[in-house]
Each structure stands twice: as structure tokens, then as C-alpha cells.
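Heads up, upload-v9.txt below (compact mmCIF, C-alpha atoms):
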```txt
# COMPACT_ATOMS: atom_id res chain seq x y z
CA MET A 52 -37.31 65.01 94.38
CA TRP A 53 -40.32 63.92 96.42
CA GLU A 54 -38.11 62.20 98.99
CA ALA A 55 -35.82 65.23 99.17
CA LEU A 56 -38.85 67.44 99.80
CA CYS A 57 -40.15 65.14 102.55
CA TRP A 58 -36.71 65.01 104.12
CA ARG A 59 -36.38 68.80 104.13
CA ARG A 60 -39.87 69.26 105.60
CA GLY A 61 -39.20 66.76 108.40
CA SER A 62 -35.60 67.53 109.20
CA LEU A 63 -36.15 71.28 109.39
CA ARG A 64 -38.95 70.72 111.88
CA TYR A 65 -36.68 68.40 113.84
CA TYR A 66 -34.03 71.11 113.87
CA MET A 67 -36.51 73.72 115.10
CA VAL A 68 -37.94 71.59 117.93
CA SER A 69 -34.61 70.14 119.04
CA THR A 70 -33.11 73.62 119.17
CA CYS A 71 -35.90 74.77 121.51
CA LEU A 72 -35.52 71.64 123.66
CA ARG A 73 -31.75 71.90 123.86
CA LYS A 74 -31.91 75.56 124.79
CA ASP A 75 -34.59 75.13 127.44
CA LEU A 76 -33.30 71.87 128.90
CA ALA A 77 -29.67 72.94 129.18
CA GLN A 78 -28.70 72.53 132.80
CA PRO A 79 -26.49 75.07 134.54
CA HIS A 80 -23.15 73.81 135.80
CA GLY A 81 -23.33 72.15 139.16
CA SER A 82 -27.02 71.24 138.98
CA SER A 83 -28.03 67.78 140.12
CA THR A 84 -28.54 65.00 137.60
CA GLN A 85 -32.19 64.49 136.64
CA THR A 86 -33.98 61.18 136.94
CA ASP A 87 -35.58 59.67 133.82
CA ALA A 88 -39.02 60.74 135.03
CA GLU A 89 -37.86 64.30 135.59
CA MET A 90 -36.26 64.39 132.14
CA ASN A 91 -39.47 63.11 130.56
CA THR A 92 -41.59 65.70 132.35
CA ALA A 93 -39.22 68.54 131.49
CA ALA A 94 -39.10 67.50 127.83
CA GLY A 95 -42.87 67.10 127.79
CA ARG A 96 -43.47 70.59 129.11
CA ILE A 97 -41.52 72.09 126.21
CA ALA A 98 -42.71 69.59 123.59
CA ARG A 99 -46.33 70.50 124.37
CA GLU A 100 -45.68 73.92 122.85
CA HIS A 101 -44.56 72.31 119.60
CA THR A 102 -47.03 69.47 119.06
CA GLY A 103 -47.98 70.80 115.63
CA LEU A 104 -44.38 70.85 114.42
CA ILE A 105 -43.76 67.40 115.91
CA GLU A 106 -46.76 65.77 114.25
CA GLU A 107 -46.12 67.46 110.90
CA GLY A 108 -42.50 66.33 111.13
CA VAL A 109 -43.58 62.77 111.86
CA ASP A 110 -45.93 62.88 108.88
CA ALA A 111 -43.22 64.18 106.52
CA LEU A 112 -40.59 61.64 107.63
CA LEU A 113 -43.01 58.71 107.56
CA THR A 114 -43.90 59.75 104.03
CA LEU A 115 -40.19 59.73 103.21
CA LEU A 116 -39.77 56.20 104.57
CA SER A 117 -42.81 54.98 102.62
CA ALA A 118 -41.95 56.66 99.33
CA ARG A 119 -40.77 53.44 97.67
CA PRO A 120 -42.40 50.02 97.42
CA ASP A 121 -41.21 47.45 99.95
CA GLY A 122 -37.81 45.97 99.21
CA CYS A 123 -36.75 42.43 99.83
CA SER A 124 -34.33 43.08 102.70
CA GLN A 125 -35.24 44.02 106.26
CA ALA A 126 -33.71 47.50 106.00
CA LEU A 127 -35.46 48.21 102.71
CA SER A 128 -38.79 47.00 104.06
CA TRP A 129 -38.36 49.56 106.85
CA GLY A 130 -37.74 52.26 104.25
CA ILE A 131 -34.00 52.60 104.79
CA TYR A 132 -32.53 53.27 101.37
CA SER A 133 -29.79 55.75 102.29
CA THR A 134 -28.11 57.46 105.20
CA ASN A 135 -30.76 60.19 104.99
CA HIS A 136 -33.46 57.57 105.43
CA LEU A 137 -31.61 56.15 108.43
CA LEU A 138 -31.28 59.59 109.96
CA ALA A 139 -34.99 60.11 109.34
CA LEU A 140 -35.64 56.96 111.37
CA ALA A 141 -33.60 58.38 114.25
CA TYR A 142 -35.44 61.71 114.02
CA LEU A 143 -38.79 59.91 113.98
CA ALA A 144 -37.93 58.07 117.19
CA GLU A 145 -37.01 61.37 118.82
CA PHE A 146 -40.16 63.09 117.54
CA SER A 147 -42.29 60.24 118.89
CA TYR A 148 -40.55 60.42 122.26
CA TRP A 149 -41.22 64.16 122.49
CA ARG A 150 -44.88 63.65 121.59
CA TRP A 151 -45.13 60.91 124.22
CA CYS A 152 -43.57 63.25 126.81
CA SER A 153 -45.97 66.03 125.84
CA LEU A 154 -48.87 63.81 126.94
CA ASP A 155 -47.32 63.24 130.36
CA PRO A 156 -50.20 62.99 132.86
CA GLY A 157 -48.18 65.07 135.31
CA THR A 158 -48.19 68.05 132.96
CA ASP A 159 -50.91 70.67 133.31
CA GLY A 160 -53.66 70.42 130.73
CA ASN A 161 -53.27 66.71 129.99
CA ALA A 162 -56.32 64.57 130.64
CA ALA A 163 -56.78 60.92 131.49
CA SER A 164 -58.36 60.49 128.08
CA ASP A 165 -54.93 61.17 126.55
CA GLU A 166 -53.62 57.90 127.99
CA PRO A 167 -54.41 55.67 124.97
CA ALA A 168 -52.71 58.12 122.62
CA ARG A 169 -49.78 58.25 125.02
CA ARG A 170 -49.46 54.45 124.90
CA LEU A 171 -49.45 54.49 121.11
CA TRP A 172 -46.74 57.15 120.99
CA LEU A 173 -44.74 55.11 123.48
CA ALA A 174 -45.04 52.03 121.29
CA GLN A 175 -44.02 54.06 118.27
CA THR A 176 -40.98 55.47 120.10
CA LEU A 177 -39.87 52.00 121.13
CA ARG A 178 -40.44 50.55 117.68
CA LEU A 179 -38.54 53.28 115.84
CA ALA A 180 -35.68 53.55 118.33
CA HIS A 181 -35.26 49.79 118.26
CA ARG A 182 -35.37 49.69 114.47
CA TYR A 183 -32.60 52.27 114.34
CA LEU A 184 -30.55 50.24 116.82
CA HIS A 185 -31.13 47.06 114.84
CA VAL A 186 -30.22 48.62 111.49
CA VAL A 187 -27.04 50.26 112.80
CA GLU A 188 -25.79 47.45 115.02
CA VAL A 189 -27.00 44.35 113.18
CA LEU A 190 -27.91 45.02 109.56
CA MET A 191 -25.13 47.60 109.04
CA GLU A 192 -22.73 46.35 111.67
CA GLY A 193 -19.53 48.38 111.78
CA CYS A 194 -20.98 51.37 109.92
CA GLY A 195 -19.77 53.66 112.68
CA TRP A 196 -23.05 55.40 113.52
CA THR A 197 -23.69 56.11 117.18
CA THR A 198 -26.58 54.43 118.97
CA ASP A 199 -26.25 56.02 122.40
CA ARG A 200 -29.30 58.24 122.02
CA SER A 201 -31.56 55.48 120.69
CA ARG A 202 -30.53 53.22 123.54
CA GLU A 203 -31.29 56.10 125.93
CA LEU A 204 -34.70 56.60 124.33
CA VAL A 205 -35.56 52.93 124.85
CA ARG A 206 -34.58 53.32 128.50
CA LEU A 207 -36.54 56.59 128.92
CA VAL A 208 -39.79 55.03 127.72
CA GLY A 209 -39.55 52.02 130.00
CA GLY A 210 -36.67 49.84 128.83
CA GLU A 211 -36.69 46.08 128.91
CA ALA A 212 -40.29 45.13 129.67
CA PRO A 213 -42.08 47.23 127.03
CA LEU A 214 -39.41 46.42 124.45
CA ARG A 215 -39.83 42.70 125.08
CA ALA A 216 -43.62 43.03 124.80
CA LEU A 217 -43.32 44.96 121.54
CA LEU A 218 -40.89 42.50 119.97
CA LEU A 219 -42.97 39.52 121.04
CA ARG A 220 -45.94 41.08 119.22
CA GLU A 221 -43.90 41.75 116.09
CA TRP A 222 -41.29 38.97 115.94
CA LYS A 223 -43.31 36.22 117.62
CA LYS A 224 -40.32 33.92 118.30
CA LYS A 225 -39.52 34.08 122.00
CA ALA A 226 -35.91 32.92 121.83
CA GLU A 227 -35.07 35.48 119.12
CA VAL A 228 -36.78 38.20 121.12
CA GLU A 229 -34.83 37.39 124.28
CA ARG A 230 -31.54 37.51 122.37
CA GLU A 231 -32.49 40.79 120.75
CA VAL A 232 -33.61 42.43 124.00
CA ALA A 233 -30.33 41.44 125.67
CA ARG A 234 -28.35 42.73 122.71
CA ALA A 235 -30.29 45.98 122.33
CA LEU A 236 -30.12 46.89 125.99
CA GLY A 237 -26.51 45.85 126.44
CA ALA A 238 -23.47 48.04 125.99
CA PRO A 239 -23.22 49.89 122.65
CA GLN A 240 -21.39 47.82 120.03
CA MET B 163 -61.38 61.96 80.03
CA GLY B 164 -61.74 65.02 82.29
CA ARG B 165 -58.91 67.37 83.03
CA ALA B 166 -60.18 69.11 86.13
CA ALA B 167 -57.26 67.97 88.26
CA GLU B 168 -54.76 69.20 85.67
CA ASP B 169 -56.54 72.55 85.57
CA ALA B 170 -56.49 72.69 89.38
CA ALA B 171 -52.75 71.99 89.43
CA ILE B 172 -52.07 74.80 86.98
CA ARG B 173 -54.24 77.23 88.90
CA ALA B 174 -52.70 76.21 92.23
CA PHE B 175 -49.27 76.95 90.85
CA GLU B 176 -50.26 80.61 90.90
CA ARG B 177 -50.23 80.40 94.71
CA LEU B 178 -46.75 78.90 94.69
CA ARG B 179 -45.52 81.82 92.65
CA MET B 180 -46.98 84.25 95.19
CA LEU B 181 -45.15 82.70 98.15
CA PRO B 182 -42.56 84.87 99.84
CA GLY B 183 -39.69 83.19 98.08
CA GLU B 184 -37.73 86.20 96.89
CA PRO B 185 -35.59 86.53 100.03
CA PHE B 186 -34.35 83.00 99.43
CA GLU B 187 -33.92 83.36 95.70
CA THR B 188 -31.28 86.03 96.08
CA MET B 189 -29.12 83.47 97.91
CA ALA B 190 -29.51 80.83 95.19
CA SER B 191 -27.12 80.05 92.39
CA ALA B 192 -27.67 81.39 88.90
CA ALA B 193 -28.77 77.91 87.80
CA ALA B 194 -31.47 77.77 90.49
CA GLN B 195 -32.71 81.23 89.61
CA LYS B 196 -32.86 80.20 85.98
CA ARG B 197 -35.02 77.19 86.90
CA LEU B 198 -37.42 79.39 88.87
CA ALA B 199 -37.65 81.83 85.98
CA ARG B 200 -38.32 78.96 83.56
CA SER B 201 -41.11 77.61 85.76
CA ARG B 202 -42.78 81.03 85.75
CA MET B 203 -42.50 81.27 82.01
CA LEU B 204 -44.05 77.82 81.64
CA PHE B 205 -46.87 78.82 83.96
CA ASN B 206 -47.67 81.86 81.84
CA VAL B 207 -47.87 79.68 78.74
CA LEU B 208 -49.86 76.86 80.37
CA SER B 209 -52.38 79.09 82.11
CA ALA B 210 -52.98 81.04 78.88
CA ARG B 211 -53.33 77.99 76.62
CA PHE B 212 -55.09 75.40 78.79
CA PRO B 213 -56.69 73.03 77.69
CA ALA B 214 -54.47 73.08 74.60
CA THR B 215 -51.57 71.95 76.76
CA LYS B 216 -49.76 68.74 77.75
CA LEU B 217 -49.75 67.26 81.23
CA ASP B 218 -46.01 66.58 80.99
CA ASP B 219 -45.42 70.31 80.63
CA VAL B 220 -47.23 70.85 83.95
CA ARG B 221 -44.85 68.32 85.47
CA VAL B 222 -41.82 70.08 83.99
CA MET B 223 -43.11 73.39 85.33
CA GLY B 224 -43.42 71.89 88.80
CA LEU B 225 -40.03 70.18 88.69
CA GLU B 226 -38.28 73.34 87.62
CA TRP B 227 -39.90 75.26 90.46
CA MET B 228 -39.19 72.49 92.99
CA GLU B 229 -35.53 72.19 92.09
CA GLY B 230 -35.03 75.96 92.07
CA MET B 231 -36.95 76.36 95.31
CA MET B 232 -35.15 73.49 97.04
CA GLU B 233 -31.78 74.90 96.21
CA SER B 234 -32.59 78.48 97.12
CA THR B 235 -34.23 77.57 100.44
CA PHE B 236 -31.39 75.19 101.26
CA ALA B 237 -28.94 78.06 101.08
CA ALA B 238 -31.18 80.06 103.44
CA GLU B 239 -31.66 77.07 105.73
CA THR B 240 -27.91 76.55 106.01
CA THR B 241 -27.58 80.17 107.06
CA ALA B 242 -30.37 79.71 109.61
CA ASN B 243 -28.59 76.63 111.00
CA LYS B 244 -25.60 78.79 111.69
CA GLY B 245 -27.77 81.04 113.81
CA VAL B 246 -27.62 83.97 111.41
CA GLY B 247 -31.24 84.10 110.37
CA GLY B 248 -34.63 83.20 111.81
CA CYS B 249 -36.37 82.22 108.59
CA CYS B 250 -37.14 78.52 109.29
CA SER B 251 -40.89 79.06 109.50
CA ARG B 252 -40.99 80.89 106.20
CA ILE B 253 -38.96 78.12 104.56
CA LEU B 254 -41.40 75.55 105.93
CA VAL B 255 -44.32 77.41 104.37
CA VAL B 256 -42.63 77.22 100.97
CA LEU B 257 -41.68 73.53 101.36
CA ASP B 258 -45.16 72.54 102.57
CA HIS B 259 -46.86 74.30 99.69
CA GLY B 260 -44.49 72.50 97.36
CA ALA B 261 -45.55 69.15 98.86
CA GLU B 262 -49.23 70.05 98.56
CA TRP B 263 -48.76 71.00 94.95
CA ALA B 264 -46.95 67.70 94.26
CA ARG B 265 -50.07 65.89 95.47
CA LEU B 266 -52.18 67.89 93.00
CA LEU B 267 -49.84 66.80 90.22
CA VAL B 268 -50.26 63.17 91.32
CA ASP B 269 -54.04 63.66 91.15
CA ALA B 270 -53.71 65.02 87.62
CA TYR B 271 -51.68 61.98 86.53
CA ARG B 272 -54.23 59.65 88.11
CA GLU B 273 -57.02 61.50 86.34
CA ALA B 274 -55.18 61.01 83.07
CA GLY B 275 -54.88 57.29 83.79
CA ARG B 276 -51.10 57.48 83.80
CA LEU B 277 -50.63 56.52 87.43
CA ALA B 278 -52.06 53.61 89.39
CA SER B 279 -54.73 54.47 91.93
CA GLN B 280 -53.69 54.97 95.53
CA THR B 281 -55.13 51.67 96.70
CA SER B 282 -53.40 49.52 94.15
CA GLY B 283 -50.06 49.55 95.92
CA GLY B 284 -46.80 51.27 95.24
CA SER B 285 -48.14 54.75 95.93
CA SER B 286 -45.62 57.19 97.26
CA LEU B 287 -48.12 58.26 99.89
CA GLU B 288 -48.70 54.88 101.47
CA ARG B 289 -47.33 54.28 104.92
CA PRO B 290 -44.81 51.57 105.83
CA ALA B 291 -45.31 49.08 108.61
CA VAL B 292 -44.23 51.66 111.17
CA THR B 293 -47.68 53.17 111.14
CA PRO B 294 -50.21 52.46 112.41
CA PRO B 295 -48.45 50.62 115.20
CA PRO B 296 -49.71 47.14 116.09
CA LEU B 297 -52.22 47.29 118.91
CA SER B 298 -52.66 45.21 122.00
CA LYS B 299 -56.02 43.57 122.54
CA ALA B 300 -56.97 46.22 125.12
CA GLU B 301 -56.01 49.04 122.75
CA ALA B 302 -57.98 47.40 119.96
CA ALA B 303 -60.99 47.16 122.26
CA GLU B 304 -60.77 50.83 123.11
CA LEU B 305 -60.53 51.85 119.49
CA LEU B 306 -63.50 49.71 118.53
CA CYS B 307 -65.54 51.33 121.30
CA LYS B 308 -64.66 54.76 119.99
CA ALA B 309 -65.37 53.81 116.39
CA CYS B 310 -68.73 52.31 117.38
CA ALA B 311 -69.66 55.40 119.35
CA ALA B 312 -68.83 57.58 116.38
CA GLY B 313 -70.59 55.25 113.94
CA ALA B 314 -67.46 55.17 111.84
CA MET B 315 -66.42 51.57 111.54
CA GLU B 316 -64.93 52.17 108.13
CA SER B 317 -62.34 54.49 109.64
CA ILE B 318 -60.55 51.63 111.32
CA ASP B 319 -60.00 49.54 108.22
CA SER B 320 -56.36 50.50 108.15
CA LEU B 321 -55.66 48.85 111.48
CA PRO B 322 -54.96 45.20 110.69
CA GLU B 323 -55.75 43.95 114.18
CA LEU B 324 -59.12 45.63 114.04
CA ALA B 325 -60.01 44.72 110.51
CA ALA B 326 -60.08 41.01 111.37
CA ALA B 327 -62.00 41.63 114.60
CA GLU B 328 -64.47 43.84 112.81
CA THR B 329 -65.26 41.14 110.25
CA GLU B 330 -66.04 38.70 113.01
CA VAL B 331 -68.09 41.25 114.91
CA ARG B 332 -70.16 42.05 111.83
CA ASP B 333 -70.98 38.38 111.38
CA ARG B 334 -72.55 38.16 114.82
CA PRO B 335 -76.28 38.60 115.45
CA ALA B 336 -77.21 42.23 115.98
CA ASN B 337 -78.27 41.76 119.60
CA SER B 338 -74.84 40.38 120.54
CA TRP B 339 -72.85 43.00 118.76
CA TYR B 340 -70.72 44.24 121.62
CA PRO B 341 -67.18 44.79 120.40
CA CYS B 342 -65.93 45.68 123.87
CA VAL B 343 -67.18 42.41 125.29
CA TYR B 344 -65.91 40.52 122.30
CA LEU B 345 -62.41 41.84 122.69
CA SER B 346 -62.18 42.05 126.45
CA GLU B 347 -61.13 38.85 128.17
CA ARG B 348 -62.31 39.76 131.66
CA PRO B 349 -65.90 40.87 132.30
CA ALA B 350 -64.74 43.39 134.88
CA GLU B 351 -62.98 45.35 132.17
CA ARG B 352 -66.06 45.78 130.03
CA SER B 353 -67.43 48.95 131.55
CA LEU B 354 -64.05 50.45 132.29
CA LEU B 355 -62.87 50.99 128.75
CA PRO B 356 -62.56 54.75 128.29
CA PRO B 357 -63.50 56.66 125.16
CA VAL B 358 -60.35 57.22 123.21
CA CYS B 359 -58.93 58.59 120.02
CA ALA B 360 -57.95 56.32 117.15
CA GLY B 361 -54.19 56.66 117.36
CA PRO B 362 -51.37 59.08 117.97
CA ARG B 363 -52.80 62.51 117.61
CA GLY B 364 -52.46 66.10 118.62
```

Turn this file's structure into C-alpha cells for me.
Amino acid sequence: MWEALCWRRGSLRYYMVSTCLRKDLAQPHGSSTQTDAEMNTAAGRIAREHTGLIEEGVDALLTLLSARPDGCSQALSWGIYSTNHLLALAYLAEFSYWRWCSLDPGTDGNAASDEPARRLWLAQTLRLAHRYLHVVEVLMEGCGWTTDRSRELVRLVGGEAPLRALLLREWKKKAEVEREVARALGAPQ
Amino acid sequence: MGRAAEDAAIRAFERLRMLPGEPFETMASAAAQKRLARSRMLFNVLSARFPATKLDDVRVMGLEWMEGMMESTFAAETTANKGVGGCCSRILVVLDHGAEWARLLVDAYREAGRLASQTSGGSSLERPAVTPPPLSKAEAAELLCKACAAGAMESIDSLPELAAAETEVRDRPANSWYPCVYLSERPAERSLLPPVCAGPRG
């Protein structure tokens, strides 16, 4: 019941924010393709209006993923006990990306003092997007879930270099990290 | 053993009952409406008879309300997803109050000694490894500076990278207690560390 409540509180907020973003970011036919930086700035401008919903959604979904004691497997230790938990992980990565965008230094009202928080949200986006990729493509290989968006998120927040740095901090073993970076940033499996 | 938390949970349930839930209830199944009605009946009994009541009955009252509320708001939420209604914010108010009340119930069980304390592990409210994120040395230095400036070293205990550094810093003589210097590898960086917040925030 508690997990269901956390899921509903987080997913409804995700629905509300993503609806606003989709509506406002929809490009008219014939418009030029945006660069990653332009996409980040545009998303950040809208996300700034919803920072409360984003952070409350993050809190609810993190609570969902921490509702049970650690399991023995990698997926369980990351809180993935069901497809809802996996979807929560994907939503969390998206939430974190939006919050990172909302602190874009190019957006009016953001100060230089926001930079440390921005770096932490970036790290959280990378960590969560990569975890989703790893669960779907490695731990649950062949499950049929799409990873296009998570791969895109990793690219939007910097791609290879920050992902390598993050994995080196967490996994420690350089050879494993190099293999994982190449796999995660390669073509979808 | 005191029962203040149990009393607070019963009294707080009054606020749940006053939430604008009726618009959602009409969309719920008969079974969900029956659960909501049962929770109200239990509340009337518990609030009238406390302290001659059982904690498990408070839990049953809450579960009945939660299940009825979850089902009735889910029907409304599904309608909202189809673009028919604009009631998401009102649903969130109901769900959030439900979560807050669940925490009061947890407090009541802790008070009764029937649930391990929050720090003993296994709590449903503890965070997994995804938060707080591991910090780089520079980030750790910035956070220590902020914590020192605020005089709130205890607030960083949850950050594993900082907890170890803090222990070492505390063991140093007072006149050499400069966390920024301790954590910064290059002297030139020492005065450039900006004041920062302690993590992702709004």
C-alpha cells in the first residue's frame, strides 16, 4: 500500500510536468532541429516553473525505491522489485534531468551559486539514467523495454566523459568501466 | 508507555476526512465506497473511545481509507489522463495527505515499541544508494565549507564521503581545523571555493 501510494504521488507529478514540457516544447513542422544545448535551455525554462512538483516527485519515487531492505541482487539493491519500480527509475532520471536544466546558468534568475546543486543534479541524472540502461539491457536483457530516452539523457548531460567519471567513482575497476561506457553509449540493444 | 502519537494519528484522521474527496468517490466502485464508509465509522468509534482503543484498529481505519481513496482517485486520475478533467492537483493533495498520515501511523507503532526505530535499518523511509549521490573531492570540500559556516557539522553525517573526512578533521588541533585546506589539493583553490547548498535542492 505504501509503495502504491508513493508510486501514485510520483507518477502523477511526472505526468503533470511532462505534459507541460511536451506541450510547450512541441516544435512546429518545418522548424530546424535543436542542438543539445538549446534543448536543455528550452526544457530548463519550463522546468523552472515546476521545481516544486519535480522535487516532490523525486522524493516520492526515491521513497518508493527505498521502501524495502536491500536485496542480494544488483537490481534489488537498486530498489527494482517490479516493472513499476523500473518505470519509477526512468521517471526519476527524467525528473533529475529537468531539475538540472532548470538550473541552467543561461536562464534568467539562476545564480552562480546554483552551480554546485546543478552538478549534483547532473550526477544524479547520469546515475539514474545509467542504472535504467544497465537494468534493461544487462540485468533484464531481452525484456523488450526501450532505452532510447535514457541513452539520450546520458548524451544531453554530457555523455561519455561524465559517465566514465561517475562509474569510476562507483565501480572502481577501470576495465569494467570502459566496457560499460562503450556498451551504454553504443547502439541500443 | 505513552500514546501521544496514537492520539495524534486519530486526530489527524479528521483532516483526511475533510479533504475534498467526494468528487472522486462518486467515480469509485461500490467496494471502494464501502471501505471509505467503514473508515469513517471506525474513526467515530476510535475518537469517541480513545484511550480505550487498540492501535491495530487505527491501522485498519487508515488502510480502509487508503484503499478506498486510492481506488476512487485512480478512477479520476484515469479520466484526467484522457484529457477530460483537470483534477490532478486535487488528487495530489489527497495522496500527499495520505502519505503524511501514514507517517503518523508509523510514529504510533514506534511509540508502542512495535516497530524498529528509524536508525536501526529496514525503515521504509530510508533512502537507497541513489541518494545522496557520491561526491567528488571538490564537491565535498564545498559542502564542508558550507556546513562549517552554518555551524552544522551534524547535518552532513549522511554523506559518506564527508563523514570520514569530518572524523579526521575533528581529530586535528583546533588551530589547524581548515576543512577547505584539508580537502583541497591545490593551494590556489582554497579561497575560491564558493558557498554552496548541501545537495540537490529547490

- Task: Please determine the contact residues of chain A with respect to chain B at a cut-off of 7 Å, counting only C-alpha atoms, and supply them as a ChimeraX atom specification.
- Result: /A:56,60,102,113-114,116-120,129,164,167-168,171-172,175

Adding 3 Å on each side of the box along x, y and z that holds all listed atoms of segment 94-97 of chain A, could you give its centre and edge lengths in Å to one decimal, as lines of an AutoDock Vina configuration file?
```
center_x = -41.3
center_y = 69.6
center_z = 127.7
size_x = 10.4
size_y = 11.0
size_z = 8.9
```

- Message: Can you measure atom CA of Leu112 of chain A to atom CA of Leu140 of chain A for me? One decimal in Å is fine.
- Response: 7.8 Å

- Message: With 9 Å as the threshold, what does the neighbourhood of (-28.5, 56.1, 120.9) contain in terms of residues, counting all atoms listed in the file? Coordinates are those of the file; answer as a list of chain:residue names.
- Response: A:Ala141, A:Ala180, A:Tyr183, A:Leu184, A:Thr197, A:Thr198, A:Asp199, A:Arg200, A:Ser201, A:Arg202, A:Glu203, A:Leu204, A:Val205, A:Pro239

- So what do you get for atom CA of Val228 of chain A versus atom CA of Leu177 of chain A, distance-wise? 14.1 Å

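Candidate residues B:Met231, B:Tyr271, B:Arg276, B:Thr241 were compared for distance to Met52 of chain A, and the nearest is B:Met231, using only C-alpha atoms.
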
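Across A:Trp196, A:Trp222, A:Trp151, A:Tyr142, the tightest approach to Val68 of chain A is made by A:Tyr142 when counting all atoms listed in the file.
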
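You can rank A:Glu227, A:Glu211, A:Glu221, A:Glu100 by their closest distance to Cys71 of chain A using all atoms listed in the file, and at the top of that list sits A:Glu100.
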
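Proximity of A:Asp87, A:Leu173, A:Gly209, A:Ile97 to Asp75 of chain A, computed with all atoms listed in the file, is greatest for A:Ile97.
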
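Between atom CA of Leu104 of chain A and atom CA of Ala88 of chain A there is a distance of 23.6 Å.
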
- May I have the residues within 10 Å of Leu217 of chain B as a PyMOL selection string, using all atoms listed in the file and disregarding those fewer than 6 positions away in the same chain? chain B and resi 165+168-169+171-172+208+223+267+270-271+274

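Of the listed residues (B:Val207, B:Leu277, B:Val268, B:Ala193), B:Ala193 comes nearest to Trp227 of chain B; the distances count all atoms listed in the file.
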
Need to verify the contact set: Ala192 of chain B, 12 Å, only C-alpha atoms, exclusion of same-chain residues closer than 4 positions in sequence. Can you return it as a PDB file with C-alpha atoms, keeping the file's coordinate frame?
```pdb
ATOM      1  CA  GLU B 187     -33.920  83.360  95.700  1.00  0.00           C
ATOM      2  CA  THR B 188     -31.280  86.030  96.080  1.00  0.00           C
ATOM      3  CA  LYS B 196     -32.860  80.200  85.980  1.00  0.00           C
ATOM      4  CA  ARG B 197     -35.020  77.190  86.900  1.00  0.00           C
ATOM      5  CA  LEU B 198     -37.420  79.390  88.870  1.00  0.00           C
ATOM      6  CA  ALA B 199     -37.650  81.830  85.980  1.00  0.00           C
ATOM      7  CA  GLY B 230     -35.030  75.960  92.070  1.00  0.00           C
ATOM      8  CA  GLU B 233     -31.780  74.900  96.210  1.00  0.00           C
ATOM      9  CA  SER B 234     -32.590  78.480  97.120  1.00  0.00           C
TER      10      SER B 234
END
```

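Distances here use all atoms listed in the file; by that measure, the residue among A:Leu115, A:Trp149, A:Ser133, A:Leu138 closest to Leu207 of chain A is A:Trp149.
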
Would you mind putting back N, CA and C atoms on segment 216-230 of chain B, then writing it out as a PDB file, in the frame of the given file?
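The file below, out-v9.pdb, is the result:
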```pdb
ATOM      1  N   LYS B 216     -50.089  70.131  77.427  1.00  0.00           N
ATOM      2  CA  LYS B 216     -49.760  68.740  77.750  1.00  0.00           C
ATOM      3  C   LYS B 216     -49.503  68.618  79.251  1.00  0.00           C
ATOM      4  N   LEU B 217     -49.942  67.492  79.799  1.00  0.00           N
ATOM      5  CA  LEU B 217     -49.750  67.260  81.230  1.00  0.00           C
ATOM      6  C   LEU B 217     -48.262  67.217  81.591  1.00  0.00           C
ATOM      7  N   ASP B 218     -47.447  66.670  80.699  1.00  0.00           N
ATOM      8  CA  ASP B 218     -46.010  66.580  80.990  1.00  0.00           C
ATOM      9  C   ASP B 218     -45.387  67.969  81.153  1.00  0.00           C
ATOM     10  N   ASP B 219     -45.955  68.952  80.472  1.00  0.00           N
ATOM     11  CA  ASP B 219     -45.420  70.310  80.630  1.00  0.00           C
ATOM     12  C   ASP B 219     -45.744  70.860  82.020  1.00  0.00           C
ATOM     13  N   VAL B 220     -46.894  70.443  82.567  1.00  0.00           N
ATOM     14  CA  VAL B 220     -47.230  70.850  83.950  1.00  0.00           C
ATOM     15  C   VAL B 220     -46.206  70.243  84.900  1.00  0.00           C
ATOM     16  N   ARG B 221     -45.845  68.997  84.632  1.00  0.00           N
ATOM     17  CA  ARG B 221     -44.850  68.320  85.470  1.00  0.00           C
ATOM     18  C   ARG B 221     -43.486  69.026  85.381  1.00  0.00           C
ATOM     19  N   VAL B 222     -43.106  69.386  84.161  1.00  0.00           N
ATOM     20  CA  VAL B 222     -41.820  70.080  83.990  1.00  0.00           C
ATOM     21  C   VAL B 222     -41.849  71.411  84.721  1.00  0.00           C
ATOM     22  N   MET B 223     -42.968  72.113  84.619  1.00  0.00           N
ATOM     23  CA  MET B 223     -43.110  73.390  85.330  1.00  0.00           C
ATOM     24  C   MET B 223     -42.888  73.183  86.826  1.00  0.00           C
ATOM     25  N   GLY B 224     -43.547  72.163  87.371  1.00  0.00           N
ATOM     26  CA  GLY B 224     -43.420  71.890  88.800  1.00  0.00           C
ATOM     27  C   GLY B 224     -42.020  71.484  89.189  1.00  0.00           C
ATOM     28  N   LEU B 225     -41.393  70.632  88.367  1.00  0.00           N
ATOM     29  CA  LEU B 225     -40.030  70.180  88.690  1.00  0.00           C
ATOM     30  C   LEU B 225     -39.039  71.329  88.674  1.00  0.00           C
ATOM     31  N   GLU B 226     -39.191  72.194  87.697  1.00  0.00           N
ATOM     32  CA  GLU B 226     -38.280  73.340  87.620  1.00  0.00           C
ATOM     33  C   GLU B 226     -38.430  74.209  88.879  1.00  0.00           C
ATOM     34  N   TRP B 227     -39.680  74.437  89.259  1.00  0.00           N
ATOM     35  CA  TRP B 227     -39.900  75.260  90.460  1.00  0.00           C
ATOM     36  C   TRP B 227     -39.359  74.546  91.702  1.00  0.00           C
ATOM     37  N   MET B 228     -39.629  73.237  91.817  1.00  0.00           N
ATOM     38  CA  MET B 228     -39.190  72.490  92.990  1.00  0.00           C
ATOM     39  C   MET B 228     -37.666  72.525  93.125  1.00  0.00           C
ATOM     40  N   GLU B 229     -36.993  72.243  92.016  1.00  0.00           N
ATOM     41  CA  GLU B 229     -35.530  72.190  92.090  1.00  0.00           C
ATOM     42  C   GLU B 229     -34.965  73.570  92.424  1.00  0.00           C
ATOM     43  N   GLY B 230     -35.500  74.602  91.769  1.00  0.00           N
ATOM     44  CA  GLY B 230     -35.030  75.960  92.070  1.00  0.00           C
ATOM     45  C   GLY B 230     -35.340  76.357  93.500  1.00  0.00           C
TER      46      GLY B 230
END
```
